[in-house]
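Okay, my_file-v1.cif now, which holds mmCIF, C-alpha atoms and all ligand atoms:
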```cif
data_run
loop_
_atom_site.label_atom_id
_atom_site.label_comp_id
_atom_site.auth_asym_id
_atom_site.auth_seq_id
_atom_site.Cartn_x
_atom_site.Cartn_y
_atom_site.Cartn_z
CA MET F 26 118.00 -136.43 -9.80
CA THR F 27 115.29 -138.28 -7.89
CA SER F 28 113.78 -136.54 -4.90
CA THR F 29 113.97 -138.12 -1.46
CA SER F 30 111.81 -137.51 1.54
CA ASP F 31 114.50 -135.02 2.70
CA THR F 32 114.17 -132.88 -0.44
CA PRO F 33 111.85 -129.93 0.26
CA GLN F 34 108.71 -130.33 -1.85
CA PRO F 35 106.79 -127.37 -3.28
CA GLU F 36 103.63 -126.80 -1.27
CA ALA F 37 100.44 -127.93 -3.02
CA PRO F 38 98.21 -124.93 -3.68
CA LYS F 39 95.60 -124.70 -0.89
CA LYS F 40 92.01 -125.27 -2.00
CA PRO F 41 89.87 -122.29 -1.07
CA VAL F 42 87.60 -123.23 1.83
CA LYS F 43 84.03 -123.44 0.57
CA ASP F 44 81.48 -121.43 2.49
CA PRO F 45 79.10 -124.11 3.89
CA TRP F 46 76.17 -121.75 3.30
CA ASP F 47 77.00 -121.32 -0.37
CA LEU F 48 74.26 -123.67 -1.53
CA PRO F 49 73.00 -124.36 -5.05
CA ASP F 50 69.82 -122.96 -6.55
CA VAL F 51 67.23 -125.74 -6.48
CA SER F 52 64.22 -123.64 -7.40
CA GLY F 53 63.95 -125.20 -10.88
CA LEU F 54 64.06 -128.83 -9.73
CA VAL F 55 61.00 -131.07 -9.62
CA VAL F 56 60.41 -132.72 -6.25
CA GLY F 57 58.51 -136.00 -6.04
CA VAL F 58 57.13 -137.39 -2.78
CA LEU F 59 56.59 -141.15 -2.58
CA GLY F 60 53.76 -141.82 -0.15
CA GLY F 61 52.79 -138.19 -0.60
CA THR F 62 49.17 -138.88 0.31
CA GLY F 63 50.17 -139.40 3.97
CA ASP F 64 50.61 -136.75 6.64
CA GLN F 65 54.34 -136.23 6.30
CA GLY F 66 54.43 -136.39 2.51
CA ARG F 67 51.43 -134.14 2.08
CA GLY F 68 52.88 -131.69 4.59
CA LEU F 69 56.24 -131.53 2.80
CA ALA F 70 54.53 -131.27 -0.57
CA TYR F 71 52.43 -128.37 0.70
CA ARG F 72 55.38 -126.47 2.19
CA LEU F 73 57.61 -126.94 -0.85
CA ALA F 74 54.86 -126.00 -3.29
CA ARG F 75 53.99 -122.97 -1.16
CA ALA F 76 57.65 -121.96 -1.48
CA GLY F 77 57.35 -122.14 -5.27
CA GLN F 78 58.79 -125.61 -5.91
CA LYS F 79 57.24 -127.89 -8.56
CA VAL F 80 55.95 -130.93 -6.63
CA ILE F 81 54.52 -134.29 -7.70
CA ILE F 82 52.77 -136.42 -5.08
CA GLY F 83 53.19 -140.17 -5.47
CA SER F 84 50.93 -142.95 -4.26
CA ARG F 85 50.37 -146.65 -4.87
CA ALA F 86 47.18 -145.50 -6.63
CA ALA F 87 47.38 -142.60 -9.08
CA GLU F 88 43.84 -141.46 -8.28
CA ARG F 89 44.63 -141.08 -4.57
CA ALA F 90 47.64 -138.96 -5.47
CA GLN F 91 45.61 -136.85 -7.88
CA ALA F 92 42.93 -136.26 -5.26
CA ALA F 93 45.54 -135.20 -2.68
CA ALA F 94 47.25 -132.94 -5.23
CA GLU F 95 43.96 -131.30 -6.16
CA GLU F 96 43.24 -130.59 -2.50
CA LEU F 97 46.62 -128.93 -2.08
CA GLY F 98 46.43 -126.84 -5.27
CA LEU F 99 49.59 -124.71 -5.75
CA GLY F 100 50.34 -126.53 -9.03
CA VAL F 101 50.94 -129.84 -7.22
CA GLU F 102 50.39 -132.90 -9.43
CA GLY F 103 49.61 -136.49 -8.49
CA ALA F 104 50.79 -139.75 -10.06
CA ASP F 105 51.52 -143.32 -9.11
CA ASN F 106 54.84 -143.75 -7.29
CA ALA F 107 56.65 -144.97 -10.42
CA GLU F 108 55.63 -142.00 -12.55
CA CYS F 109 56.32 -139.64 -9.66
CA ALA F 110 59.88 -141.03 -9.41
CA ARG F 111 60.42 -140.94 -13.16
CA ARG F 112 59.35 -137.30 -13.54
CA SER F 113 61.20 -135.91 -10.49
CA ASP F 114 64.77 -134.71 -9.98
CA ILE F 115 64.63 -135.09 -6.21
CA VAL F 116 62.51 -137.87 -4.70
CA ILE F 117 61.49 -137.79 -1.04
CA VAL F 118 60.61 -141.19 0.44
CA ALA F 119 57.71 -140.70 2.86
CA VAL F 120 56.20 -144.18 3.16
CA PRO F 121 55.87 -146.09 6.46
CA TRP F 122 58.86 -148.20 7.53
CA ASP F 123 56.78 -151.35 6.94
CA GLY F 124 56.55 -150.60 3.21
CA HIS F 125 60.00 -149.03 2.80
CA ALA F 126 62.04 -151.89 1.37
CA LYS F 127 59.30 -153.18 -0.91
CA THR F 128 58.54 -149.73 -2.29
CA LEU F 129 62.17 -148.92 -3.08
CA GLU F 130 62.91 -152.34 -4.55
CA SER F 131 60.03 -151.90 -6.96
CA LEU F 132 61.24 -148.45 -8.05
CA ARG F 133 64.95 -149.19 -8.51
CA GLU F 134 64.85 -148.41 -12.22
CA GLU F 135 62.77 -145.23 -11.96
CA LEU F 136 65.01 -143.96 -9.15
CA ALA F 137 68.31 -144.62 -10.96
CA GLY F 138 70.34 -141.41 -11.14
CA LYS F 139 67.89 -139.53 -8.92
CA LEU F 140 68.65 -137.71 -5.72
CA VAL F 141 66.66 -139.69 -3.13
CA VAL F 142 65.85 -138.13 0.27
CA ASP F 143 64.78 -140.66 2.86
CA CYS F 144 62.83 -139.31 5.86
CA VAL F 145 61.65 -142.64 7.21
CA ASN F 146 61.91 -143.27 10.96
CA PRO F 147 61.87 -146.99 11.82
CA LEU F 148 59.91 -146.92 15.07
CA GLY F 149 57.95 -149.35 17.14
CA PHE F 150 55.14 -148.44 19.53
CA ASP F 151 53.99 -150.22 22.67
CA LYS F 152 52.26 -149.18 25.87
CA LYS F 153 55.43 -147.37 27.01
CA GLY F 154 55.42 -145.22 23.89
CA ALA F 155 57.64 -145.03 20.81
CA TYR F 156 61.01 -146.76 20.54
CA ALA F 157 63.67 -147.05 17.83
CA LEU F 158 63.84 -150.22 15.77
CA LYS F 159 67.22 -151.52 14.61
CA PRO F 160 67.18 -152.16 10.86
CA GLU F 161 69.53 -154.86 9.67
CA GLU F 162 71.35 -152.38 7.40
CA GLY F 163 71.79 -149.91 10.29
CA SER F 164 69.08 -147.43 9.36
CA ALA F 165 66.29 -146.81 6.88
CA ALA F 166 68.65 -144.57 4.90
CA GLU F 167 71.30 -147.29 4.66
CA GLN F 168 68.64 -149.76 3.60
CA ALA F 169 67.66 -147.33 0.86
CA ALA F 170 71.29 -146.97 -0.23
CA ALA F 171 71.69 -150.77 -0.33
CA LEU F 172 68.51 -151.22 -2.37
CA LEU F 173 69.22 -148.33 -4.74
CA PRO F 174 72.85 -148.68 -5.85
CA ASP F 175 72.27 -146.42 -8.87
CA SER F 176 70.64 -143.58 -6.91
CA ARG F 177 72.18 -140.80 -4.81
CA VAL F 178 70.71 -141.53 -1.41
CA THR F 179 70.54 -138.91 1.34
CA ALA F 180 68.50 -138.65 4.54
CA ALA F 181 66.66 -135.59 5.91
CA PHE F 182 63.34 -134.19 7.18
CA HIS F 183 63.04 -136.76 10.02
CA HIS F 184 62.17 -134.38 12.84
CA LEU F 185 59.31 -132.41 11.36
CA SER F 186 55.80 -132.21 12.70
CA ALA F 187 53.36 -133.16 9.97
CA VAL F 188 50.70 -131.23 11.89
CA LEU F 189 52.63 -127.97 11.61
CA LEU F 190 53.64 -128.65 8.00
CA GLN F 191 50.02 -129.05 6.99
CA ASP F 192 48.60 -126.11 8.93
CA PRO F 193 48.21 -123.18 6.50
CA ALA F 194 48.03 -120.74 9.43
CA VAL F 195 51.65 -121.59 10.35
CA GLU F 196 53.82 -119.15 8.40
CA GLU F 197 57.25 -120.50 9.36
CA ILE F 198 58.48 -123.96 10.30
CA ASP F 199 60.83 -123.20 13.17
CA THR F 200 63.37 -126.01 12.93
CA ASP F 201 66.70 -127.20 11.62
CA VAL F 202 66.82 -130.22 9.34
CA MET F 203 69.73 -132.63 9.70
CA VAL F 204 70.94 -133.70 6.27
CA LEU F 205 73.06 -136.83 5.84
CA GLY F 206 74.70 -138.34 2.81
CA GLU F 207 77.88 -139.50 1.16
CA ALA F 208 78.39 -136.77 -1.48
CA ARG F 209 78.68 -133.13 -0.51
CA ALA F 210 77.09 -132.02 -3.78
CA ASP F 211 73.98 -134.04 -2.89
CA THR F 212 73.71 -132.96 0.74
CA ASP F 213 74.14 -129.34 -0.45
CA LEU F 214 71.13 -129.77 -2.74
CA VAL F 215 69.03 -131.18 0.10
CA GLN F 216 70.14 -128.42 2.47
CA ALA F 217 69.13 -125.90 -0.18
CA LEU F 218 65.76 -127.61 -0.57
CA ALA F 219 65.11 -127.44 3.19
CA GLY F 220 66.11 -123.79 3.10
CA ARG F 221 63.34 -123.02 0.61
CA ILE F 222 60.80 -123.45 3.42
CA PRO F 223 60.55 -120.30 5.55
CA GLY F 224 62.00 -120.85 9.05
CA MET F 225 63.74 -124.08 8.08
CA ARG F 226 67.49 -124.52 7.79
CA GLY F 227 69.28 -127.57 6.40
CA ILE F 228 72.42 -128.55 8.33
CA PHE F 229 74.95 -131.12 7.13
CA ALA F 230 75.04 -133.82 9.83
CA GLY F 231 77.32 -136.55 8.52
CA ARG F 232 77.32 -139.70 6.48
CA LEU F 233 74.60 -142.31 6.21
CA ARG F 234 76.30 -144.58 8.74
CA ASN F 235 75.15 -142.05 11.34
CA ALA F 236 71.55 -141.93 10.14
CA HIS F 237 70.34 -144.38 12.80
CA GLN F 238 70.70 -141.85 15.64
CA VAL F 239 68.91 -139.18 13.62
CA GLU F 240 66.04 -141.49 12.73
CA SER F 241 65.84 -142.81 16.32
CA LEU F 242 65.72 -139.37 17.88
CA VAL F 243 62.13 -139.12 16.71
CA ALA F 244 61.17 -141.55 19.49
CA ASN F 245 62.48 -138.95 21.96
CA LEU F 246 60.65 -136.14 20.19
CA ILE F 247 57.41 -138.12 20.41
CA SER F 248 57.96 -138.39 24.20
CA VAL F 249 58.57 -134.62 24.33
CA ASN F 250 55.42 -133.95 22.35
CA ARG F 251 53.31 -136.17 24.58
CA ARG F 252 54.60 -134.65 27.82
CA TYR F 253 54.42 -131.01 26.76
CA LYS F 254 51.53 -131.23 24.28
CA ALA F 255 53.87 -129.80 21.66
CA HIS F 256 54.99 -130.22 18.08
CA ALA F 257 58.68 -130.02 18.92
CA GLY F 258 61.38 -129.23 16.38
CA LEU F 259 65.16 -129.09 16.75
CA ARG F 260 67.77 -126.35 16.57
CA VAL F 261 71.52 -126.95 16.29
CA THR F 262 73.17 -124.07 18.16
CA ASP F 263 76.37 -122.15 17.32
CA VAL F 264 76.09 -122.97 13.63
CA SER F 265 75.82 -119.98 11.36
N1 LIG L 1 54.07 -138.01 10.38
C1 LIG L 1 55.13 -137.34 10.76
O1 LIG L 1 55.01 -136.35 11.53
C2 LIG L 1 56.51 -137.71 10.27
C3 LIG L 1 57.59 -136.84 10.51
C4 LIG L 1 58.85 -137.18 10.01
C5 LIG L 1 59.03 -138.36 9.30
N2 LIG L 1 57.97 -139.20 9.09
C6 LIG L 1 58.18 -140.44 8.35
O2 LIG L 1 57.52 -140.29 7.12
C7 LIG L 1 56.95 -141.53 6.70
C8 LIG L 1 55.47 -141.32 6.41
O3 LIG L 1 54.82 -140.94 7.58
P1 LIG L 1 53.23 -140.67 7.57
O4 LIG L 1 52.84 -140.32 8.94
O5 LIG L 1 52.90 -139.74 6.47
O6 LIG L 1 52.73 -142.16 7.22
P2 LIG L 1 51.38 -142.69 6.61
O7 LIG L 1 50.38 -141.60 6.51
O8 LIG L 1 51.01 -143.91 7.40
O9 LIG L 1 51.83 -143.22 5.16
C9 LIG L 1 52.18 -142.40 4.12
C10 LIG L 1 51.66 -142.97 2.82
O10 LIG L 1 52.41 -144.13 2.46
C11 LIG L 1 51.58 -145.00 1.70
N3 LIG L 1 51.68 -146.34 2.27
C12 LIG L 1 51.06 -146.86 3.36
N4 LIG L 1 51.44 -148.13 3.59
C13 LIG L 1 52.33 -148.42 2.61
C14 LIG L 1 53.07 -149.59 2.27
N5 LIG L 1 53.00 -150.70 3.01
N6 LIG L 1 53.87 -149.54 1.18
C15 LIG L 1 53.97 -148.42 0.43
N7 LIG L 1 53.28 -147.29 0.68
C16 LIG L 1 52.48 -147.29 1.77
C17 LIG L 1 50.15 -144.48 1.79
O11 LIG L 1 49.88 -143.87 0.54
P3 LIG L 1 49.07 -144.62 -0.63
O12 LIG L 1 48.09 -145.54 0.05
O13 LIG L 1 48.39 -143.46 -1.30
O14 LIG L 1 50.09 -145.29 -1.45
C18 LIG L 1 50.21 -143.42 2.86
O15 LIG L 1 49.34 -142.35 2.61
C19 LIG L 1 57.19 -142.53 7.84
O16 LIG L 1 58.22 -143.40 7.50
C20 LIG L 1 57.57 -141.66 9.03
O17 LIG L 1 58.52 -142.31 9.85
C21 LIG L 1 56.70 -138.88 9.55
#
```
Could you write out this file's structure as structure tokens?
Amino acid sequence: MTSTSDTPQPEAPKKPVKDPWDLPDVSGLVVGVLGGTGDQGRGLAYRLARAGQKVIIGSRAAERAQAAAEELGLGVEGADNAECARRSDIVIVAVPWDGHAKTLESLREELAGKLVVDCVNPLGFDKKGAYALKPEEGSAAEQAAALLPDSRVTAAFHHLSAVLLQDPAVEEIDTDVMVLGEARADTDLVQALAGRIPGMRGIFAGRLRNAHQVESLVANLISVNRRYKAHAGLRVTDVS
């Protein structure tokens, strides 16, 4: 007998709801930072290494990366961007927007299969202050995804103050980190990575098509910082 839409169907077993805070252990993963000689990359490298993560700083010139790594200590290593990408499990992209596409295009092979975390904010500056640029692909993160079809591209760490990250006297980085991406397994890993830094919490904030707002919000934070002489972070309320 064939069943019709009127025939009662057995209920599919319900999948147990996964606790969103049940995040993987990332402590054994190697984190590379492309453009890690700059303020943001160096700051992230410092915080992650201070939390016990193995970190490799990348640069267009290996010797600049090695010098920055030596300054940081904490077991941080330096290499050119290609070697940094090759040797890392998770690769944070911390180069200026101007060099974003060219850098990623040149590292497509080394980044294949890697979890890429883009923190690039495409911004312009004029006498009125900072403003959001509109990348053709929608956002820096979507540009990365388009250029790196064989990588797992996510976006996070946009709203951090490099000043606070780099200040050894600051014990905790008091902020949430919005994490975006297409695969839950990948965004979970990035949330877990953010959570390694004391005070920081990684929050899932949607797919890459919504990365533009997250990247653009930095223009607002820069206005906040200028007005209040602050290093503002962000908290998402009622999420626990
Ligand atoms: N600064 C912040 O507070 C902050 C916060 C959140 C997100 N971000 C984002 O993080 C990224 C880096 O910011 P940053 O302030 O650290 O920038 P940065 O100091 O100007 O640049 C970072 C590094 O990128 C490399 N670089 C410079 N021009 C490049 C190019 N054309 N192509 C490839 N590599 C280049 C340089 O390293 P080598 O010369 O050694 O290769 C430089 O040290 C930006 O996209 C920014 O939007 C910054």
Which residues, written as an MDAnalysis selection string, have at least one atom at most 9 Å from segment 119-123 of chain F, with all atoms listed in the file counted and residues fewer than 4 positions away on the same chain left out?
chainID F and resid 58:61 63:66 127:128 142:148 165
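Comparing F:Gln168, F:Gln91, F:Gly138, F:Ala217 by their smallest distance to ligand LIG 1 (chain L), the closest is F:Gln91 (using only C-alpha atoms and all ligand atoms).
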For a cutoff of 12 Å around the file-coordinate point (51.5, -127.2, 20.1), which residues qualify once you count all atoms listed in the file? I'd like the result as a PyMOL selection string.
chain F and resi 186-189+192+195+249-258
Take atom CA of Gly103 of chain F and atom CA of Arg72 of chain F and report the distance between them in Å, one decimal.
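Atom CA of Arg72 of chain F lies at a distance of 15.7 Å from atom CA of Gly103 of chain F.
If all atoms listed in the file are the atoms counted, then among F:Val80, F:Leu173, F:Ala104, F:Leu233 the closest residue to ligand LIG 1 (chain L) is F:Ala104.
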So, counting all atoms listed in the file, which residue among F:Ala236, F:Ala181, F:Val56, F:Val204 is closest to ligand LIG 1 (chain L)?
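Closest to ligand LIG 1 (chain L), using all atoms listed in the file: F:Ala181.
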Spatial neighbours of Arg75 of chain F, max dist 10 Å, all atoms listed in the file, sep filter under 4 positions, as number ranges by chain
F: 69-71, 79-80, 97-101, 193, 221-223
What separates atom O4 of ligand LIG 1 (chain L) and atom CA of Pro49 of chain F is a distance of 29.3 Å
With all atoms of segment 147-163 of chain F from the file as input, state the centre and edge lengths in Å to one decimal of the axis-aligned box that has 3 Å extra on each side, as JSON.
```
{"center_x": 62.0, "center_y": -149.9, "center_z": 17.2, "size_x": 25.5, "size_y": 15.8, "size_z": 25.6}
```
Hey, which of F:Ala90, F:Val118, F:Leu48, F:Leu129 ends up closest to Asp213 of chain F? Count all atoms listed in the file.
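Answer, going by the shortest atom-to-atom distance: F:Leu48.
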Taking the point (71.1, -148.0, 10.1) as given in the file, collect each protein or nucleic acid residue that comes within 9 Å of it, counting all atoms listed in the file, and present the set as a PDB file with C-alpha atoms, keeping the file's coordinate frame.
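File written: part05.pdb
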```pdb
ATOM      1  CA  LYS F 159      67.220-151.520  14.610  1.00  0.00           C
ATOM      2  CA  PRO F 160      67.180-152.160  10.860  1.00  0.00           C
ATOM      3  CA  GLU F 161      69.530-154.860   9.670  1.00  0.00           C
ATOM      4  CA  GLU F 162      71.350-152.380   7.400  1.00  0.00           C
ATOM      5  CA  GLY F 163      71.790-149.910  10.290  1.00  0.00           C
ATOM      6  CA  SER F 164      69.080-147.430   9.360  1.00  0.00           C
ATOM      7  CA  ALA F 165      66.290-146.810   6.880  1.00  0.00           C
ATOM      8  CA  ALA F 166      68.650-144.570   4.900  1.00  0.00           C
ATOM      9  CA  GLU F 167      71.300-147.290   4.660  1.00  0.00           C
ATOM     10  CA  GLN F 168      68.640-149.760   3.600  1.00  0.00           C
ATOM     11  CA  LEU F 233      74.600-142.310   6.210  1.00  0.00           C
ATOM     12  CA  ARG F 234      76.300-144.580   8.740  1.00  0.00           C
ATOM     13  CA  ASN F 235      75.150-142.050  11.340  1.00  0.00           C
ATOM     14  CA  ALA F 236      71.550-141.930  10.140  1.00  0.00           C
ATOM     15  CA  HIS F 237      70.340-144.380  12.800  1.00  0.00           C
ATOM     16  CA  GLN F 238      70.700-141.850  15.640  1.00  0.00           C
ATOM     17  CA  GLU F 240      66.040-141.490  12.730  1.00  0.00           C
TER      18      GLU F 240
END
```
Using only C-alpha atoms and all ligand atoms, pick whichever of F:Ser248, F:Ser241, F:Ser176, F:Ser84 has the shortest atom-to-atom distance to ligand LIG 1 (chain L).
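Among the listed residues, F:Ser84 lies closest to ligand LIG 1 (chain L).
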Would you please work out which residue, of F:Arg260, F:Arg89, F:Arg177, F:Arg232, is nearest to ligand LIG 1 (chain L) when using all atoms listed in the file?
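Nearest candidate to ligand LIG 1 (chain L) out of F:Arg260, F:Arg89, F:Arg177, F:Arg232: F:Arg89.
We find atom C2 of ligand LIG 1 (chain L) and atom CA of Asp201 of chain F to be spaced 14.7 Å apart.
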